[in-house]
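Everything below concerns the one structure shown next.
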Amino acid sequence: MTTISFNHQPNNIHHQKGFIIIEEIEGLIKVHKDGHVERPQIVPNVSCKLQSENGVTSRDITINKETNLWARVYLPTSTLTSHNNLNKLPLLVYFHGGGFCVGSVSWICYHEFLNNLSLKANCVVVSFNYRLAPENRLPSAYDDAFNALMWIKHEALYNKNQSWWLKHCNISSLFLCGDSAGANIAYNIVATRLGSNSNASSCLNLNPLSLKGVILIQPFFGGEERTNSEKLFRQQQNSALSLSVSDTYWRLSLPIGVSVTRNHPYCNPLANGIAKLRDLRVPSIMMCVSELDILRDRNLEFSNCLVKAGKKVETYVYKGVGHAFQVLHNYQLSHARTQEMVSHIKNFLNQ
């Protein structure tokens, strides 16, 4: 289990060795005035062959070389040796976090977390990389996620029995999942790309896949009006997300425009009320909230609004930990709370 320590602060415009840096989150990203972007390798990238959990096989699959869309697949080894062809596993499609600006499927913290999740929850996990901002602002990440789903649909239609991993999946038991920005992606795919109950004729047909639920882990949302937890936890020691860092991520990832604010629908799903939530075409939603996260109150409000909109929602609050604890292991209770989360996800997948 790898502990990742972030001690980052956003910086405003400053000069560095003759270069003008217009945005910076220390240790994670520097954006130069000429458009050049630096991302120091604060988190090691690891090969899919790194066996962090006995009992899980993982491989990388290239989907689109032009957009660098690729996936890492995790499959419990027991499934490969099983002679019971009826023992199909739930399929969990995962999107990593990082404020839309940093992060990778190959980061060791995600590799270890998803290995553990695949093994303990007994599911097939497909974790997708996507293009990052500010070089590729939103909705580029949503486009990549949509194309990832279309790739799985194509594989299920034409290559299911030949696919080393898909033949072990119950394609009628598809779940979308992500943490932080990845949870935002999972939600926005459902809200904007899979259609709505009010416009069923134009909704995307996922057949033969069937979406059973969405798992939102500390979803990265925002808004112009500050919540109490955003004010209270502005800058916490050990925190992976401060208020100023959050604002920087949104400045770098939202579409460019004079009228674009943190109340943009990509950032604030409640900016225009809860009417659109009633039309979400998803059977069930699981919300994972961290007690010490600046996003706590925003996440809880979103969960409450989903319930008011008539959606089936399971909400879990993890005590004594903050944002991204399950991948960064930066709190004393991280390990225990991560195992709780994995247990909750397992139960959600097998309802």
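Here's how to read the names in the structure tokens: chain A, B, ... by the order shown, residue numbers from 1 in each chain, ligand numbers from 1 in the order shown.
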- For Trp250 in chain A, please output as a ChimeraX atom specification all residues within 9 Å (counting only C-alpha atoms; exclusion window: fewer than 5 positions along the same chain). /A:99-100,222,245,261-262,267
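Distance check against Val124 in chain A using only C-alpha atoms: of A:Ile189, A:Ala156, A:Leu91, A:Leu300, the minimum falls on A:Leu91.
Backbone DSSP assigns helix (DSSP H, G or I) in range 69-119 of chain A to A:Thr77, A:Ser78, A:Thr79, A:Leu80, A:Thr81, A:Ile108, A:Cys109, A:Tyr110, A:His111, A:Glu112, A:Phe113, A:Leu114, A:Asn115, A:Asn116, A:Leu117, A:Ser118, A:Leu119.
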- Message: Give me the residues near Asn304 in chain A as number ranges by chain, where near means some atom within 12 Å (using only C-alpha atoms) and where sequence neighbours in that chain fewer than 4 positions away do not count.
- Response: A: 270, 274, 277, 285, 287, 297-300, 308-315
Kindly export the residues of the current selection with N, CA, C and O atoms, as a compact mmCIF listing (two decimals), in the first residue's frame.
# COMPACT_ATOMS: atom_id res chain seq x y z
N LEU A 270 -26.51 21.53 -9.72
CA LEU A 270 -27.71 22.06 -9.06
C LEU A 270 -27.94 23.54 -9.37
O LEU A 270 -28.85 24.14 -8.81
N ILE A 274 -33.37 21.18 -9.37
CA ILE A 274 -33.30 19.71 -9.41
C ILE A 274 -34.17 19.09 -10.50
O ILE A 274 -34.27 17.87 -10.60
N LEU A 277 -32.63 16.39 -12.56
CA LEU A 277 -32.30 15.18 -11.83
C LEU A 277 -33.42 14.15 -11.91
O LEU A 277 -33.18 12.94 -11.88
N ILE A 285 -28.05 4.86 -7.34
CA ILE A 285 -26.85 5.68 -7.19
C ILE A 285 -26.25 5.46 -5.81
O ILE A 285 -26.98 5.43 -4.81
N MET A 287 -23.44 7.13 -3.21
CA MET A 287 -22.66 8.34 -2.97
C MET A 287 -21.71 8.11 -1.80
O MET A 287 -22.14 7.74 -0.70
N ASP A 297 -20.22 18.99 2.20
CA ASP A 297 -21.57 19.56 2.20
C ASP A 297 -22.16 19.61 0.80
O ASP A 297 -23.37 19.40 0.62
N ARG A 298 -21.33 19.88 -0.18
CA ARG A 298 -21.82 19.92 -1.57
C ARG A 298 -22.25 18.52 -2.01
O ARG A 298 -23.27 18.35 -2.68
N ASN A 299 -21.49 17.51 -1.61
CA ASN A 299 -21.84 16.13 -1.94
C ASN A 299 -23.13 15.71 -1.24
O ASN A 299 -23.99 15.04 -1.84
N LEU A 300 -23.27 16.06 0.03
CA LEU A 300 -24.48 15.69 0.78
C LEU A 300 -25.71 16.41 0.23
O LEU A 300 -26.79 15.82 0.15
N LYS A 308 -34.80 13.77 -3.34
CA LYS A 308 -36.00 14.59 -3.57
C LYS A 308 -36.51 14.45 -5.00
O LYS A 308 -37.71 14.59 -5.25
N ALA A 309 -35.60 14.16 -5.93
CA ALA A 309 -35.98 13.98 -7.34
C ALA A 309 -36.51 12.58 -7.60
O ALA A 309 -36.80 12.24 -8.74
N GLY A 310 -36.61 11.77 -6.55
CA GLY A 310 -37.19 10.45 -6.68
C GLY A 310 -36.22 9.35 -7.04
O GLY A 310 -36.63 8.25 -7.44
N LYS A 311 -34.91 9.61 -6.88
CA LYS A 311 -33.91 8.60 -7.23
C LYS A 311 -33.57 7.72 -6.02
O LYS A 311 -33.63 8.16 -4.88
N LYS A 312 -33.21 6.49 -6.32
CA LYS A 312 -32.76 5.56 -5.28
C LYS A 312 -31.29 5.83 -5.01
O LYS A 312 -30.45 5.65 -5.88
N VAL A 313 -30.99 6.28 -3.79
CA VAL A 313 -29.63 6.70 -3.45
C VAL A 313 -29.19 6.06 -2.14
O VAL A 313 -29.94 6.04 -1.17
N GLU A 314 -27.98 5.52 -2.14
CA GLU A 314 -27.33 5.05 -0.92
C GLU A 314 -26.16 5.99 -0.64
O GLU A 314 -25.29 6.16 -1.49
N THR A 315 -26.17 6.62 0.53
CA THR A 315 -25.12 7.58 0.88
C THR A 315 -24.33 7.09 2.08
O THR A 315 -24.92 6.70 3.09
- Can you list, as a ChimeraX atom specification, every protein, DNA or RNA residue that comes within 12 Å of range 344-348 of chain A when you count only C-alpha atoms, leaving out same-chain residues fewer than 5 positions away? /A:89-92,114,116-124,173-178,212-217,283-288,312-318,337-339
- Task: Between CA of Ala145 in chain A and CA of Asn129 in chain A, measure the distance and give it in Å to one decimal.
- Result: 8.6 Å
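For the pair CA of Pro219 in chain A and CA of Glu38 in chain A, the separation is 25.3 Å.
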- Polymer residues at most 7 Å from Leu252 in chain A, only C-alpha atoms, same-chain spacing of 4 or more positions, as a PyMOL selection string: chain A and resi 133-134+248
I'd like the contact shell of Val37 in chain A - 12 Å cut-off, only C-alpha atoms, skipping same-chain residues fewer than 5 positions apart - returned as an mmCIF file with N, CA, C and O atoms, in the first residue's frame.
data_model
loop_
_atom_site.group_PDB
_atom_site.id
_atom_site.type_symbol
_atom_site.label_atom_id
_atom_site.label_comp_id
_atom_site.auth_asym_id
_atom_site.auth_seq_id
_atom_site.Cartn_x
_atom_site.Cartn_y
_atom_site.Cartn_z
ATOM 1 N N PHE A 19 10.568 32.292 -17.797
ATOM 2 C CA PHE A 19 9.265 31.841 -18.255
ATOM 3 C C PHE A 19 8.176 32.426 -17.366
ATOM 4 O O PHE A 19 8.356 32.578 -16.156
ATOM 5 N N ILE A 20 7.053 32.751 -17.969
ATOM 6 C CA ILE A 20 5.928 33.277 -17.211
ATOM 7 C C ILE A 20 4.941 32.145 -16.941
ATOM 8 O O ILE A 20 4.393 31.546 -17.875
ATOM 9 N N ILE A 21 4.756 31.821 -15.671
ATOM 10 C CA ILE A 21 3.821 30.770 -15.266
ATOM 11 C C ILE A 21 2.536 31.439 -14.809
ATOM 12 O O ILE A 21 2.538 32.251 -13.883
ATOM 13 N N ILE A 22 1.432 31.115 -15.473
ATOM 14 C CA ILE A 22 0.169 31.802 -15.177
ATOM 15 C C ILE A 22 -0.704 31.032 -14.194
ATOM 16 O O ILE A 22 -1.586 31.621 -13.559
ATOM 17 N N GLU A 23 -0.502 29.732 -14.082
ATOM 18 C CA GLU A 23 -1.229 28.924 -13.096
ATOM 19 C C GLU A 23 -0.302 27.829 -12.599
ATOM 20 O O GLU A 23 0.435 27.223 -13.387
ATOM 21 N N GLU A 24 -0.357 27.555 -11.296
ATOM 22 C CA GLU A 24 0.458 26.482 -10.759
ATOM 23 C C GLU A 24 -0.179 25.896 -9.511
ATOM 24 O O GLU A 24 -0.682 26.625 -8.654
ATOM 25 N N ILE A 25 -0.202 24.581 -9.441
ATOM 26 C CA ILE A 25 -0.489 23.876 -8.196
ATOM 27 C C ILE A 25 0.795 23.147 -7.866
ATOM 28 O O ILE A 25 1.211 22.234 -8.584
ATOM 29 N N LEU A 28 2.245 19.539 -8.768
ATOM 30 C CA LEU A 28 1.322 18.824 -9.641
ATOM 31 C C LEU A 28 1.281 19.354 -11.068
ATOM 32 O O LEU A 28 1.331 18.581 -12.022
ATOM 33 N N ILE A 29 1.174 20.678 -11.219
ATOM 34 C CA ILE A 29 1.011 21.216 -12.570
ATOM 35 C C ILE A 29 1.483 22.666 -12.630
ATOM 36 O O ILE A 29 1.269 23.448 -11.687
ATOM 37 N N LYS A 30 2.154 23.021 -13.737
ATOM 38 C CA LYS A 30 2.525 24.393 -14.044
ATOM 39 C C LYS A 30 2.036 24.701 -15.452
ATOM 40 O O LYS A 30 2.308 23.939 -16.380
ATOM 41 N N VAL A 31 1.342 25.824 -15.599
ATOM 42 C CA VAL A 31 0.846 26.244 -16.904
ATOM 43 C C VAL A 31 1.565 27.533 -17.298
ATOM 44 O O VAL A 31 1.458 28.546 -16.596
ATOM 45 N N HIS A 32 2.300 27.478 -18.405
ATOM 46 C CA HIS A 32 3.053 28.635 -18.869
ATOM 47 C C HIS A 32 2.176 29.505 -19.768
ATOM 48 O O HIS A 32 1.222 29.028 -20.387
ATOM 49 N N CYS A 101 -7.137 17.698 -14.518
ATOM 50 C CA CYS A 101 -5.869 18.262 -14.983
ATOM 51 C C CYS A 101 -4.676 17.343 -14.764
ATOM 52 O O CYS A 101 -3.653 17.485 -15.448
ATOM 53 N N VAL A 102 -4.758 16.447 -13.810
ATOM 54 C CA VAL A 102 -3.664 15.527 -13.521
ATOM 55 C C VAL A 102 -4.254 14.141 -13.286
ATOM 56 O O VAL A 102 -5.466 13.960 -13.237
ATOM 57 N N LEU A 132 -6.499 15.369 -20.613
ATOM 58 C CA LEU A 132 -6.476 16.277 -19.478
ATOM 59 C C LEU A 132 -6.537 17.746 -19.915
ATOM 60 O O LEU A 132 -6.105 18.104 -21.013
ATOM 61 N N ALA A 133 -7.065 18.575 -19.030
ATOM 62 C CA ALA A 133 -7.053 20.023 -19.191
ATOM 63 C C ALA A 133 -5.730 20.558 -18.601
ATOM 64 O O ALA A 133 -5.105 19.891 -17.781
ATOM 65 N N PRO A 134 -5.288 21.753 -18.999
ATOM 66 C CA PRO A 134 -5.994 22.709 -19.853
ATOM 67 C C PRO A 134 -5.799 22.502 -21.358
ATOM 68 O O PRO A 134 -6.425 23.185 -22.159
ATOM 69 N N GLU A 135 -4.934 21.564 -21.755
ATOM 70 C CA GLU A 135 -4.752 21.331 -23.188
ATOM 71 C C GLU A 135 -6.057 20.873 -23.833
ATOM 72 O O GLU A 135 -6.343 21.214 -24.985
ATOM 73 N N ASN A 136 -6.823 20.095 -23.085
ATOM 74 C CA ASN A 136 -8.113 19.579 -23.567
ATOM 75 C C ASN A 136 -9.173 19.864 -22.514
ATOM 76 O O ASN A 136 -9.402 19.047 -21.613
ATOM 77 N N LEU A 252 -8.827 25.931 -14.980
ATOM 78 C CA LEU A 252 -8.073 25.253 -16.030
ATOM 79 C C LEU A 252 -8.914 24.293 -16.859
ATOM 80 O O LEU A 252 -8.538 23.954 -17.984
#
- Message: Using only C-alpha atoms, can you tell me which of A:Asn207, A:His36, A:Trp151, A:Gly103 comes closest to Trp70 in chain A?
- Response: A:Trp151
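Of the residues listed (A:Leu166, A:Ala141, A:Leu292, A:Leu157), A:Ala141 shows the shortest atom-to-atom separation from Ala183 in chain A; distances use only C-alpha atoms.
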- Item | Distance query Val327 in chain A at most 7 Å, only C-alpha atoms, self and fewer than 3 positions along chain excluded, as JSON, numbers by chain | {"A": [109, 110, 113, 324]}
- Please report, as a ChimeraX atom specification, each residue of range 201-306 of chain A to which DSSP assigns strand (DSSP E) when run on this structure's backbone. /A:211-217,285-290
Grab the residues selected above and save them as a PDB file, in the first residue's frame with C-alpha atoms.
ATOM      1  CA  LEU A 211     -26.630   0.138 -16.707  1.00  0.00           C
ATOM      2  CA  LYS A 212     -27.540  -0.913 -13.167  1.00  0.00           C
ATOM      3  CA  GLY A 213     -25.995   1.883 -11.144  1.00  0.00           C
ATOM      4  CA  VAL A 214     -23.532   4.736 -10.685  1.00  0.00           C
ATOM      5  CA  ILE A 215     -21.002   5.023  -7.846  1.00  0.00           C
ATOM      6  CA  LEU A 216     -19.889   8.581  -7.087  1.00  0.00           C
ATOM      7  CA  ILE A 217     -16.854   8.779  -4.782  1.00  0.00           C
ATOM      8  CA  ILE A 285     -26.847   5.681  -7.195  1.00  0.00           C
ATOM      9  CA  MET A 286     -24.219   5.217  -4.485  1.00  0.00           C
ATOM     10  CA  MET A 287     -22.665   8.337  -2.968  1.00  0.00           C
ATOM     11  CA  CYS A 288     -19.402   8.177  -1.002  1.00  0.00           C
ATOM     12  CA  VAL A 289     -18.673  11.273   1.112  1.00  0.00           C
ATOM     13  CA  SER A 290     -15.644  12.036   3.300  1.00  0.00           C
TER      14      SER A 290
END
